[in-house]
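Raw entry36.txt, compact mmCIF, N, CA and C atoms:
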# COMPACT_ATOMS: atom_id res chain seq x y z
N GLN A 300 46.17 10.68 33.68
CA GLN A 300 46.34 9.25 33.43
C GLN A 300 47.81 8.89 33.58
N VAL A 301 48.06 7.91 34.45
CA VAL A 301 49.43 7.48 34.67
C VAL A 301 49.93 6.73 33.44
N GLN A 302 51.08 7.14 32.98
CA GLN A 302 51.68 6.46 31.83
C GLN A 302 53.18 6.33 32.03
N PHE A 303 53.69 5.20 31.57
CA PHE A 303 55.12 4.98 31.49
C PHE A 303 55.46 4.64 30.06
N VAL A 304 56.58 5.13 29.58
CA VAL A 304 57.10 4.72 28.28
C VAL A 304 58.53 4.25 28.48
N GLU A 305 58.74 2.96 28.25
CA GLU A 305 60.08 2.40 28.37
C GLU A 305 60.76 2.41 27.00
N SER A 306 62.07 2.54 27.03
CA SER A 306 62.86 2.50 25.80
C SER A 306 64.28 2.09 26.15
N GLY A 307 65.07 1.85 25.11
CA GLY A 307 66.47 1.54 25.31
C GLY A 307 66.82 0.08 25.12
N GLY A 308 65.82 -0.75 24.94
CA GLY A 308 66.10 -2.16 24.72
C GLY A 308 66.68 -2.41 23.34
N GLY A 309 67.07 -3.66 23.11
CA GLY A 309 67.62 -4.03 21.81
C GLY A 309 68.34 -5.35 21.88
N LEU A 310 69.06 -5.63 20.82
CA LEU A 310 69.86 -6.85 20.72
C LEU A 310 71.31 -6.51 21.09
N VAL A 311 71.86 -7.26 22.01
CA VAL A 311 73.23 -7.01 22.45
C VAL A 311 73.93 -8.34 22.67
N GLN A 312 75.23 -8.36 22.45
CA GLN A 312 75.99 -9.59 22.66
C GLN A 312 76.25 -9.80 24.15
N PRO A 313 76.46 -11.04 24.54
CA PRO A 313 76.82 -11.30 25.95
C PRO A 313 78.03 -10.46 26.36
N GLY A 314 77.92 -9.89 27.55
CA GLY A 314 78.98 -9.02 28.04
C GLY A 314 78.74 -7.55 27.72
N GLY A 315 77.76 -7.28 26.88
CA GLY A 315 77.48 -5.91 26.48
C GLY A 315 76.65 -5.16 27.50
N SER A 316 76.30 -3.91 27.15
CA SER A 316 75.57 -3.03 28.06
C SER A 316 74.39 -2.39 27.34
N LEU A 317 73.39 -2.08 28.13
CA LEU A 317 72.25 -1.30 27.67
C LEU A 317 71.79 -0.40 28.81
N ARG A 318 71.21 0.75 28.46
CA ARG A 318 70.58 1.59 29.46
C ARG A 318 69.11 1.76 29.09
N LEU A 319 68.27 1.26 29.95
CA LEU A 319 66.84 1.39 29.76
C LEU A 319 66.33 2.67 30.40
N SER A 320 65.35 3.28 29.77
CA SER A 320 64.73 4.49 30.31
C SER A 320 63.24 4.24 30.51
N CYS A 321 62.71 4.86 31.52
CA CYS A 321 61.28 4.78 31.82
C CYS A 321 60.81 6.20 32.10
N VAL A 322 60.07 6.75 31.15
CA VAL A 322 59.60 8.12 31.28
C VAL A 322 58.16 8.11 31.77
N ALA A 323 57.92 8.85 32.86
CA ALA A 323 56.59 8.90 33.46
C ALA A 323 55.85 10.15 33.01
N SER A 324 54.55 10.02 32.84
CA SER A 324 53.71 11.17 32.50
C SER A 324 52.33 10.96 33.10
N GLY A 325 51.62 12.06 33.25
CA GLY A 325 50.25 11.98 33.75
C GLY A 325 50.14 11.98 35.26
N PHE A 326 51.28 12.01 35.94
CA PHE A 326 51.24 12.06 37.39
C PHE A 326 52.59 12.58 37.87
N THR A 327 52.63 12.93 39.15
CA THR A 327 53.89 13.43 39.73
C THR A 327 54.68 12.25 40.23
N SER A 328 55.55 11.75 39.37
CA SER A 328 56.29 10.53 39.69
C SER A 328 57.26 10.72 40.84
N ASP A 329 57.56 11.98 41.19
CA ASP A 329 58.51 12.23 42.27
C ASP A 329 58.09 11.57 43.58
N TYR A 330 56.80 11.35 43.76
CA TYR A 330 56.32 10.84 45.04
C TYR A 330 56.18 9.32 45.06
N TYR A 331 56.61 8.68 43.99
CA TYR A 331 56.40 7.25 43.85
C TYR A 331 57.72 6.49 43.79
N ALA A 332 57.76 5.35 44.47
CA ALA A 332 58.82 4.39 44.20
C ALA A 332 58.53 3.75 42.85
N ILE A 333 59.55 3.46 42.09
CA ILE A 333 59.41 2.86 40.76
C ILE A 333 60.16 1.53 40.73
N VAL A 334 59.52 0.55 40.17
CA VAL A 334 60.10 -0.80 40.10
C VAL A 334 60.31 -1.19 38.64
N TRP A 335 61.45 -1.79 38.36
CA TRP A 335 61.67 -2.45 37.08
C TRP A 335 61.35 -3.93 37.25
N PHE A 336 60.50 -4.44 36.36
CA PHE A 336 60.19 -5.86 36.26
C PHE A 336 60.74 -6.38 34.93
N ARG A 337 60.81 -7.68 34.82
CA ARG A 337 61.10 -8.28 33.53
C ARG A 337 60.34 -9.60 33.40
N GLN A 338 60.08 -9.96 32.16
CA GLN A 338 59.39 -11.20 31.88
C GLN A 338 60.06 -11.89 30.72
N ALA A 339 60.66 -13.02 31.02
CA ALA A 339 61.31 -13.83 30.00
C ALA A 339 60.27 -14.74 29.34
N PRO A 340 60.53 -15.22 28.13
CA PRO A 340 59.58 -16.10 27.46
C PRO A 340 59.23 -17.31 28.30
N GLY A 341 57.94 -17.55 28.48
CA GLY A 341 57.50 -18.72 29.21
C GLY A 341 57.64 -18.63 30.71
N LYS A 342 58.04 -17.47 31.20
CA LYS A 342 58.23 -17.31 32.65
C LYS A 342 57.33 -16.22 33.20
N GLU A 343 57.18 -16.22 34.51
CA GLU A 343 56.38 -15.19 35.16
C GLU A 343 57.16 -13.88 35.23
N ARG A 344 56.41 -12.80 35.30
CA ARG A 344 57.03 -11.50 35.47
C ARG A 344 57.67 -11.42 36.85
N GLU A 345 58.89 -10.89 36.89
CA GLU A 345 59.61 -10.84 38.16
C GLU A 345 60.20 -9.45 38.38
N GLY A 346 60.25 -9.05 39.64
CA GLY A 346 60.87 -7.78 39.98
C GLY A 346 62.38 -7.86 39.84
N VAL A 347 62.97 -6.77 39.38
CA VAL A 347 64.41 -6.70 39.18
C VAL A 347 65.04 -5.71 40.15
N SER A 348 64.48 -4.51 40.19
CA SER A 348 65.09 -3.46 40.99
C SER A 348 64.05 -2.40 41.32
N CYS A 349 64.28 -1.71 42.42
CA CYS A 349 63.36 -0.67 42.86
C CYS A 349 64.15 0.55 43.32
N ILE A 350 63.60 1.72 43.06
CA ILE A 350 64.20 2.95 43.57
C ILE A 350 63.13 3.72 44.33
N SER A 351 63.52 4.24 45.49
CA SER A 351 62.57 4.95 46.33
C SER A 351 62.14 6.27 45.70
N SER A 352 61.10 6.86 46.26
CA SER A 352 60.59 8.11 45.71
C SER A 352 61.65 9.22 45.77
N SER A 353 62.45 9.21 46.81
CA SER A 353 63.50 10.22 46.93
C SER A 353 64.70 9.92 46.06
N GLY A 354 64.84 8.68 45.68
CA GLY A 354 66.01 8.26 44.91
C GLY A 354 67.19 7.89 45.78
N SER A 355 67.04 8.00 47.08
CA SER A 355 68.17 7.76 47.99
C SER A 355 68.36 6.28 48.31
N SER A 356 67.33 5.48 48.05
CA SER A 356 67.42 4.05 48.34
C SER A 356 67.15 3.24 47.08
N THR A 357 67.99 2.24 46.88
CA THR A 357 67.82 1.35 45.74
C THR A 357 67.87 -0.10 46.21
N TYR A 358 67.14 -0.96 45.54
CA TYR A 358 67.04 -2.35 45.92
C TYR A 358 67.17 -3.21 44.66
N TYR A 359 67.82 -4.34 44.82
CA TYR A 359 67.98 -5.29 43.73
C TYR A 359 67.54 -6.66 44.25
N VAL A 360 66.67 -7.28 43.49
CA VAL A 360 66.05 -8.51 43.98
C VAL A 360 67.05 -9.65 44.05
N ASP A 361 67.90 -9.74 43.04
CA ASP A 361 68.83 -10.86 42.97
C ASP A 361 70.25 -10.35 43.08
N SER A 362 71.09 -11.09 43.78
CA SER A 362 72.46 -10.64 44.00
C SER A 362 73.25 -10.53 42.69
N SER A 363 72.95 -11.40 41.73
CA SER A 363 73.69 -11.34 40.46
C SER A 363 73.33 -10.08 39.69
N VAL A 364 72.12 -9.61 39.83
CA VAL A 364 71.69 -8.37 39.18
C VAL A 364 72.33 -7.17 39.86
N LYS A 365 72.40 -7.22 41.17
CA LYS A 365 72.96 -6.10 41.92
C LYS A 365 74.39 -5.79 41.48
N ASP A 366 75.14 -6.79 41.13
CA ASP A 366 76.54 -6.59 40.73
C ASP A 366 76.65 -6.01 39.33
N ARG A 367 75.57 -6.08 38.55
CA ARG A 367 75.66 -5.71 37.14
C ARG A 367 74.71 -4.57 36.73
N PHE A 368 73.62 -4.41 37.46
CA PHE A 368 72.61 -3.41 37.10
C PHE A 368 72.65 -2.25 38.10
N THR A 369 72.31 -1.06 37.61
CA THR A 369 72.21 0.11 38.46
C THR A 369 70.93 0.87 38.12
N ILE A 370 70.10 1.07 39.13
CA ILE A 370 68.88 1.85 38.95
C ILE A 370 69.12 3.27 39.43
N SER A 371 68.55 4.23 38.72
CA SER A 371 68.71 5.63 39.11
C SER A 371 67.50 6.40 38.60
N ARG A 372 67.36 7.65 39.07
CA ARG A 372 66.26 8.45 38.56
C ARG A 372 66.68 9.91 38.44
N ASP A 373 66.10 10.56 37.45
CA ASP A 373 66.31 11.98 37.21
C ASP A 373 64.93 12.64 37.31
N LYS A 374 64.68 13.27 38.44
CA LYS A 374 63.34 13.84 38.67
C LYS A 374 63.06 14.99 37.72
N SER A 375 64.08 15.68 37.29
CA SER A 375 63.86 16.80 36.37
C SER A 375 63.32 16.31 35.03
N LYS A 376 63.56 15.04 34.75
CA LYS A 376 63.09 14.45 33.49
C LYS A 376 62.00 13.42 33.71
N SER A 377 61.55 13.25 34.96
CA SER A 377 60.53 12.24 35.29
C SER A 377 60.92 10.89 34.72
N THR A 378 62.19 10.56 34.85
CA THR A 378 62.72 9.35 34.21
C THR A 378 63.48 8.50 35.20
N VAL A 379 63.25 7.20 35.10
CA VAL A 379 64.01 6.22 35.86
C VAL A 379 64.82 5.39 34.86
N TYR A 380 66.06 5.14 35.22
CA TYR A 380 66.96 4.39 34.34
C TYR A 380 67.32 3.05 34.95
N LEU A 381 67.67 2.13 34.08
CA LEU A 381 68.26 0.87 34.50
C LEU A 381 69.47 0.62 33.62
N GLN A 382 70.64 0.88 34.19
CA GLN A 382 71.90 0.62 33.49
C GLN A 382 72.24 -0.85 33.67
N MET A 383 72.39 -1.56 32.58
CA MET A 383 72.65 -2.99 32.63
C MET A 383 73.98 -3.29 31.97
N ASN A 384 74.91 -3.81 32.74
CA ASN A 384 76.24 -4.15 32.25
C ASN A 384 76.47 -5.65 32.32
N SER A 385 77.48 -6.10 31.62
CA SER A 385 77.85 -7.53 31.63
C SER A 385 76.62 -8.41 31.40
N LEU A 386 75.87 -8.07 30.39
CA LEU A 386 74.62 -8.78 30.13
C LEU A 386 74.85 -10.24 29.78
N LYS A 387 73.90 -11.07 30.20
CA LYS A 387 73.96 -12.50 29.97
C LYS A 387 72.72 -12.94 29.19
N PRO A 388 72.80 -14.07 28.51
CA PRO A 388 71.61 -14.54 27.78
C PRO A 388 70.39 -14.68 28.67
N GLU A 389 70.59 -15.01 29.93
CA GLU A 389 69.45 -15.17 30.84
C GLU A 389 68.80 -13.84 31.23
N ASP A 390 69.39 -12.73 30.82
CA ASP A 390 68.76 -11.42 31.03
C ASP A 390 67.75 -11.10 29.92
N THR A 391 67.70 -11.95 28.92
CA THR A 391 66.75 -11.73 27.82
C THR A 391 65.32 -11.73 28.36
N ALA A 392 64.60 -10.66 28.09
CA ALA A 392 63.24 -10.51 28.61
C ALA A 392 62.66 -9.20 28.10
N VAL A 393 61.36 -9.04 28.31
CA VAL A 393 60.75 -7.73 28.16
C VAL A 393 60.82 -7.05 29.52
N TYR A 394 61.33 -5.83 29.53
CA TYR A 394 61.51 -5.08 30.77
C TYR A 394 60.43 -4.01 30.88
N TYR A 395 59.82 -3.95 32.07
CA TYR A 395 58.72 -3.02 32.33
C TYR A 395 59.04 -2.18 33.56
N CYS A 396 58.51 -0.97 33.60
CA CYS A 396 58.52 -0.23 34.85
C CYS A 396 57.09 -0.13 35.37
N ALA A 397 56.99 -0.02 36.67
CA ALA A 397 55.67 -0.04 37.30
C ALA A 397 55.70 0.74 38.61
N THR A 398 54.51 1.16 39.02
CA THR A 398 54.38 1.83 40.30
C THR A 398 52.95 1.73 40.78
N ASP A 399 52.76 2.11 42.02
CA ASP A 399 51.43 2.27 42.57
C ASP A 399 51.55 3.13 43.80
N TRP A 400 50.50 3.85 44.09
CA TRP A 400 50.54 4.77 45.21
C TRP A 400 50.70 3.99 46.51
N GLY A 401 51.65 4.41 47.31
CA GLY A 401 51.81 3.82 48.63
C GLY A 401 52.64 2.57 48.67
N VAL A 402 53.05 2.08 47.51
CA VAL A 402 53.85 0.86 47.49
C VAL A 402 55.32 1.25 47.49
N GLU A 403 56.02 0.88 48.52
CA GLU A 403 57.40 1.29 48.68
C GLU A 403 58.36 0.16 48.27
N CYS A 404 59.60 0.52 48.12
CA CYS A 404 60.63 -0.48 47.88
C CYS A 404 60.81 -1.33 49.14
N ARG A 405 61.23 -2.56 48.95
CA ARG A 405 61.45 -3.43 50.08
C ARG A 405 62.44 -4.50 49.68
N ILE A 406 62.96 -5.17 50.69
CA ILE A 406 63.81 -6.32 50.45
C ILE A 406 62.89 -7.52 50.19
N GLY A 407 63.18 -8.30 49.17
CA GLY A 407 62.38 -9.49 48.90
C GLY A 407 61.69 -9.44 47.56
N THR A 408 60.69 -10.27 47.42
CA THR A 408 59.99 -10.44 46.15
C THR A 408 59.03 -9.28 45.88
N TYR A 409 58.98 -8.88 44.60
CA TYR A 409 58.02 -7.88 44.16
C TYR A 409 56.93 -8.59 43.36
N TYR A 410 55.70 -8.36 43.72
CA TYR A 410 54.59 -9.06 43.09
C TYR A 410 53.90 -8.14 42.09
N PRO A 411 53.82 -8.55 40.83
CA PRO A 411 53.19 -7.70 39.82
C PRO A 411 51.77 -7.27 40.19
N ALA A 412 51.05 -8.11 40.92
CA ALA A 412 49.67 -7.79 41.28
C ALA A 412 49.57 -6.57 42.19
N ASP A 413 50.68 -6.19 42.81
CA ASP A 413 50.67 -5.03 43.70
C ASP A 413 50.71 -3.71 42.94
N TYR A 414 50.92 -3.77 41.63
CA TYR A 414 51.14 -2.56 40.84
C TYR A 414 50.06 -2.44 39.76
N THR A 415 49.47 -1.28 39.67
CA THR A 415 48.39 -1.07 38.70
C THR A 415 48.82 -0.22 37.52
N SER A 416 49.96 0.43 37.61
CA SER A 416 50.41 1.30 36.53
C SER A 416 51.66 0.71 35.90
N TRP A 417 51.57 0.44 34.61
CA TRP A 417 52.64 -0.24 33.88
C TRP A 417 52.90 0.45 32.55
N GLY A 418 54.13 0.29 32.08
CA GLY A 418 54.45 0.69 30.73
C GLY A 418 54.22 -0.48 29.78
N GLN A 419 54.53 -0.26 28.50
CA GLN A 419 54.31 -1.29 27.50
C GLN A 419 55.49 -2.25 27.40
N GLY A 420 56.61 -1.87 27.99
CA GLY A 420 57.78 -2.74 28.01
C GLY A 420 58.74 -2.46 26.87
N THR A 421 59.97 -2.88 27.08
CA THR A 421 61.00 -2.79 26.04
C THR A 421 61.76 -4.12 26.01
N GLN A 422 61.96 -4.64 24.81
CA GLN A 422 62.57 -5.96 24.64
C GLN A 422 64.09 -5.87 24.75
N VAL A 423 64.65 -6.72 25.57
CA VAL A 423 66.11 -6.88 25.68
C VAL A 423 66.45 -8.30 25.27
N THR A 424 67.31 -8.43 24.27
CA THR A 424 67.74 -9.73 23.80
C THR A 424 69.26 -9.80 23.87
N VAL A 425 69.75 -10.76 24.62
CA VAL A 425 71.20 -10.94 24.76
C VAL A 425 71.57 -12.24 24.05
N SER A 426 72.27 -12.09 22.95
CA SER A 426 72.59 -13.25 22.13
C SER A 426 73.79 -12.95 21.26
N SER A 427 74.56 -14.00 20.99
CA SER A 427 75.69 -13.85 20.08
C SER A 427 75.29 -14.23 18.66
Could you write out this structure as structure tokens?
Amino acid sequence: QVQFVESGGGLVQPGGSLRLSCVASGFTSDYYAIVWFRQAPGKEREGVSCISSSGSSTYYVDSSVKDRFTISRDKSKSTVYLQMNSLKPEDTAVYYCATDWGVECRIGTYYPADYTSWGQGTQVTVSS
């Protein structure tokens, strides 16, 4: 059974940093691209960043995120990270990781409907 467990969220002041972790179990995550999504209150879930199965390619949906967030993976730990720096109030959301077989990273919009395996999410709140 495919499972993700996200952690690392919390309350942080504007300008602060957090590192989110997404631990995969129940499948060989090495062969899957992994996507971080987020969902802010009252808004649709949106893709944030993607890392390829090899880890050699990374994608960021929005240019403002690309300058502040870094996605990475440690295959020895079946874990994907999202390092978030210079956090802003508009980054407040529940952050999820997701994957599906055969779905690769790409430039452009990531649609939640394309992914069947999700974690429970971790809350990130950026507020003074």
Review point. Chain A: which residues are helix (DSSP H, G or I) by DSSP, as JSON, numbers by chain?
Key: {"A": [328, 329, 330, 362, 363, 364, 365, 374, 375, 376, 388, 389, 390, 411, 412, 413]}
Write the selection just made, keeping N, CA and C atoms, as a PDB file, keeping the file's coordinate frame?
ATOM      1  N   SER A 328      55.550  11.750  39.370  1.00  0.00           N
ATOM      2  CA  SER A 328      56.290  10.530  39.690  1.00  0.00           C
ATOM      3  C   SER A 328      57.260  10.720  40.840  1.00  0.00           C
ATOM      4  N   ASP A 329      57.560  11.980  41.190  1.00  0.00           N
ATOM      5  CA  ASP A 329      58.510  12.230  42.270  1.00  0.00           C
ATOM      6  C   ASP A 329      58.090  11.570  43.580  1.00  0.00           C
ATOM      7  N   TYR A 330      56.800  11.350  43.760  1.00  0.00           N
ATOM      8  CA  TYR A 330      56.320  10.840  45.040  1.00  0.00           C
ATOM      9  C   TYR A 330      56.180   9.320  45.060  1.00  0.00           C
ATOM     10  N   SER A 362      71.090 -11.090  43.780  1.00  0.00           N
ATOM     11  CA  SER A 362      72.460 -10.640  44.000  1.00  0.00           C
ATOM     12  C   SER A 362      73.250 -10.530  42.690  1.00  0.00           C
ATOM     13  N   SER A 363      72.950 -11.400  41.730  1.00  0.00           N
ATOM     14  CA  SER A 363      73.690 -11.340  40.460  1.00  0.00           C
ATOM     15  C   SER A 363      73.330 -10.080  39.690  1.00  0.00           C
ATOM     16  N   VAL A 364      72.120  -9.610  39.830  1.00  0.00           N
ATOM     17  CA  VAL A 364      71.690  -8.370  39.180  1.00  0.00           C
ATOM     18  C   VAL A 364      72.330  -7.170  39.860  1.00  0.00           C
ATOM     19  N   LYS A 365      72.400  -7.220  41.170  1.00  0.00           N
ATOM     20  CA  LYS A 365      72.960  -6.100  41.920  1.00  0.00           C
ATOM     21  C   LYS A 365      74.390  -5.790  41.480  1.00  0.00           C
ATOM     22  N   LYS A 374      64.680  13.270  38.440  1.00  0.00           N
ATOM     23  CA  LYS A 374      63.340  13.840  38.670  1.00  0.00           C
ATOM     24  C   LYS A 374      63.060  14.990  37.720  1.00  0.00           C
ATOM     25  N   SER A 375      64.080  15.680  37.290  1.00  0.00           N
ATOM     26  CA  SER A 375      63.860  16.800  36.370  1.00  0.00           C
ATOM     27  C   SER A 375      63.320  16.310  35.030  1.00  0.00           C
ATOM     28  N   LYS A 376      63.560  15.040  34.750  1.00  0.00           N
ATOM     29  CA  LYS A 376      63.090  14.450  33.490  1.00  0.00           C
ATOM     30  C   LYS A 376      62.000  13.420  33.710  1.00  0.00           C
ATOM     31  N   PRO A 388      72.800 -14.070  28.510  1.00  0.00           N
ATOM     32  CA  PRO A 388      71.610 -14.540  27.780  1.00  0.00           C
ATOM     33  C   PRO A 388      70.390 -14.680  28.670  1.00  0.00           C
ATOM     34  N   GLU A 389      70.590 -15.010  29.930  1.00  0.00           N
ATOM     35  CA  GLU A 389      69.450 -15.170  30.840  1.00  0.00           C
ATOM     36  C   GLU A 389      68.800 -13.840  31.230  1.00  0.00           C
ATOM     37  N   ASP A 390      69.390 -12.730  30.820  1.00  0.00           N
ATOM     38  CA  ASP A 390      68.760 -11.420  31.030  1.00  0.00           C
ATOM     39  C   ASP A 390      67.750 -11.100  29.920  1.00  0.00           C
ATOM     40  N   PRO A 411      53.820  -8.550  40.830  1.00  0.00           N
ATOM     41  CA  PRO A 411      53.190  -7.700  39.820  1.00  0.00           C
ATOM     42  C   PRO A 411      51.770  -7.270  40.190  1.00  0.00           C
ATOM     43  N   ALA A 412      51.050  -8.110  40.920  1.00  0.00           N
ATOM     44  CA  ALA A 412      49.670  -7.790  41.280  1.00  0.00           C
ATOM     45  C   ALA A 412      49.570  -6.570  42.190  1.00  0.00           C
ATOM     46  N   ASP A 413      50.680  -6.190  42.810  1.00  0.00           N
ATOM     47  CA  ASP A 413      50.670  -5.030  43.700  1.00  0.00           C
ATOM     48  C   ASP A 413      50.710  -3.710  42.940  1.00  0.00           C
TER      49      ASP A 413
END
Study note, to complete from the structure: Taken to one decimal, the atom C of A:Gly309-atom CA of A:Ser375 distance is 26.8 Å
Point to revise | All residues 12 Å or closer to A:Leu386, only C-alpha atoms, same chain fewer than 4 positions away omitted, as a list in words | key: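 So, after excluding close chain neighbours, the residues are Gly309, Leu310, Val311, Gln312, Pro313, Gly314, Gly315, Ser316, Leu317, Arg318, Ser363, Val364, Asp366, Arg367, Phe368, Gln382, Asp390, Thr391, Ala392, Val423, Thr424, Val425, Ser426 and Ser427 of chain A.
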Point to revise | Point-to-point distance in Å for atom CA of A:Arg337 and atom CA of A:Ala397 | key: 10.6 Å
Exercise for review: Can you check which residues of stretch 302-380 of chain A DSSP gives as strand (DSSP E) on the backbone and send them as a ChimeraX atom specification?
Suggested key: /A:302-306,309-311,317-324,333-338,345-350,357-359,368-373,378-380
Exercise for review: Take the point (69.9, 2.5, 40.6) in the file's coordinates, draw a sphere of radius 7 Å around it, and report as a list in words every protein, DNA or RNA residue with an atom inside or on it, counting only N, CA and C atoms.
Suggested key: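 These residues have at least one counted atom within 7 Å: Cys349, Ile350, Thr357, Tyr358, Phe368, Thr369, Ile370, Ser371, Arg372, Tyr380, Leu381 and Gln382 of chain A.
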Practice item. Could you check how far atom CA of A:Gly407 sits from atom CA of A:Lys376, in Å to one decimal? Key: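 Distance reported for this atom pair: 28.5 Å.
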Let me have the centre and edge lengths in Å, one decimal, of the box along x, y and z around every listed atom of stretch 384-398 of chain A with 8 Å of margin on each side, as AutoDock Vina command-line options.
--center_x 65.4 --center_y -6.7 --center_z 34.3 --size_x 40.9 --size_y 33.0 --size_z 29.0
Review point. Hey, what's within 6.5 Å of A:Thr398 if we count only N, CA and C atoms and toss same-chain stuff fewer than 3 positions away? As a VMD selection string, please?
Key: chain A and resid 332 to 334 413 to 417
Check your understanding: Can you tell me, as an NGL selection string, what residues are no more than 6 Å from A:Tyr359 when counting only N, CA and C atoms, ignoring any on the same chain fewer than 3 positions away?
Key -> :A and (347-349 or 362 or 365)
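Residues in contact range of A:Tyr395, defined as at most 6 Å between only C-alpha atoms, with sequence neighbours fewer than 4 positions away removed, read Trp335, Phe336, Arg337, Gly418 and Gly420 of chain A.
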Kindly output stretch 374-381 of chain A as a PDB file, keeping the file's coordinate frame, after building all heavy atoms.
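File produced: result30.pdb:
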ATOM      1  N   LYS A 374      64.680  13.270  38.440  1.00  0.00           N
ATOM      2  CA  LYS A 374      63.340  13.840  38.670  1.00  0.00           C
ATOM      3  C   LYS A 374      63.060  14.990  37.720  1.00  0.00           C
ATOM      4  O   LYS A 374      61.907  15.241  37.382  1.00  0.00           O
ATOM      5  CB  LYS A 374      63.204  14.270  40.117  1.00  0.00           C
ATOM      6  CG  LYS A 374      63.142  13.097  41.079  1.00  0.00           C
ATOM      7  CD  LYS A 374      62.800  13.543  42.476  1.00  0.00           C
ATOM      8  CE  LYS A 374      62.592  12.370  43.395  1.00  0.00           C
ATOM      9  NZ  LYS A 374      62.162  12.773  44.746  1.00  0.00           N
ATOM     10  N   SER A 375      64.080  15.680  37.290  1.00  0.00           N
ATOM     11  CA  SER A 375      63.860  16.800  36.370  1.00  0.00           C
ATOM     12  C   SER A 375      63.320  16.310  35.030  1.00  0.00           C
ATOM     13  O   SER A 375      62.697  17.084  34.293  1.00  0.00           O
ATOM     14  CB  SER A 375      65.155  17.578  36.161  1.00  0.00           C
ATOM     15  OG  SER A 375      66.096  16.816  35.433  1.00  0.00           O
ATOM     16  N   LYS A 376      63.560  15.040  34.750  1.00  0.00           N
ATOM     17  CA  LYS A 376      63.090  14.450  33.490  1.00  0.00           C
ATOM     18  C   LYS A 376      62.000  13.420  33.710  1.00  0.00           C
ATOM     19  O   LYS A 376      61.587  12.757  32.750  1.00  0.00           O
ATOM     20  CB  LYS A 376      64.271  13.810  32.744  1.00  0.00           C
ATOM     21  CG  LYS A 376      65.352  14.795  32.336  1.00  0.00           C
ATOM     22  CD  LYS A 376      66.482  14.095  31.591  1.00  0.00           C
ATOM     23  CE  LYS A 376      67.554  15.088  31.181  1.00  0.00           C
ATOM     24  NZ  LYS A 376      68.673  14.433  30.470  1.00  0.00           N
ATOM     25  N   SER A 377      61.550  13.250  34.960  1.00  0.00           N
ATOM     26  CA  SER A 377      60.530  12.240  35.290  1.00  0.00           C
ATOM     27  C   SER A 377      60.920  10.890  34.720  1.00  0.00           C
ATOM     28  O   SER A 377      60.081  10.153  34.167  1.00  0.00           O
ATOM     29  CB  SER A 377      59.167  12.666  34.747  1.00  0.00           C
ATOM     30  OG  SER A 377      58.749  13.884  35.317  1.00  0.00           O
ATOM     31  N   THR A 378      62.190  10.560  34.850  1.00  0.00           N
ATOM     32  CA  THR A 378      62.720   9.350  34.210  1.00  0.00           C
ATOM     33  C   THR A 378      63.480   8.500  35.200  1.00  0.00           C
ATOM     34  O   THR A 378      64.234   9.010  36.028  1.00  0.00           O
ATOM     35  CB  THR A 378      63.639   9.734  33.041  1.00  0.00           C
ATOM     36  OG1 THR A 378      62.901  10.501  32.090  1.00  0.00           O
ATOM     37  CG2 THR A 378      64.193   8.487  32.347  1.00  0.00           C
ATOM     38  N   VAL A 379      63.250   7.200  35.100  1.00  0.00           N
ATOM     39  CA  VAL A 379      64.010   6.220  35.860  1.00  0.00           C
ATOM     40  C   VAL A 379      64.820   5.390  34.860  1.00  0.00           C
ATOM     41  O   VAL A 379      64.307   5.014  33.802  1.00  0.00           O
ATOM     42  CB  VAL A 379      63.078   5.311  36.685  1.00  0.00           C
ATOM     43  CG1 VAL A 379      63.868   4.185  37.348  1.00  0.00           C
ATOM     44  CG2 VAL A 379      62.349   6.136  37.735  1.00  0.00           C
ATOM     45  N   TYR A 380      66.060   5.140  35.220  1.00  0.00           N
ATOM     46  CA  TYR A 380      66.960   4.390  34.340  1.00  0.00           C
ATOM     47  C   TYR A 380      67.320   3.050  34.950  1.00  0.00           C
ATOM     48  O   TYR A 380      67.330   2.879  36.176  1.00  0.00           O
ATOM     49  CB  TYR A 380      68.241   5.193  34.108  1.00  0.00           C
ATOM     50  CG  TYR A 380      68.028   6.559  33.523  1.00  0.00           C
ATOM     51  CD1 TYR A 380      68.030   7.696  34.329  1.00  0.00           C
ATOM     52  CD2 TYR A 380      67.825   6.723  32.153  1.00  0.00           C
ATOM     53  CE1 TYR A 380      67.833   8.954  33.796  1.00  0.00           C
ATOM     54  CE2 TYR A 380      67.630   7.978  31.610  1.00  0.00           C
ATOM     55  CZ  TYR A 380      67.631   9.092  32.434  1.00  0.00           C
ATOM     56  OH  TYR A 380      67.438  10.332  31.893  1.00  0.00           O
ATOM     57  N   LEU A 381      67.670   2.130  34.080  1.00  0.00           N
ATOM     58  CA  LEU A 381      68.260   0.870  34.500  1.00  0.00           C
ATOM     59  C   LEU A 381      69.470   0.620  33.620  1.00  0.00           C
ATOM     60  O   LEU A 381      69.341   0.286  32.442  1.00  0.00           O
ATOM     61  CB  LEU A 381      67.275  -0.288  34.395  1.00  0.00           C
ATOM     62  CG  LEU A 381      67.769  -1.616  34.987  1.00  0.00           C
ATOM     63  CD1 LEU A 381      67.900  -1.493  36.512  1.00  0.00           C
ATOM     64  CD2 LEU A 381      66.826  -2.765  34.628  1.00  0.00           C
TER      65      LEU A 381
END
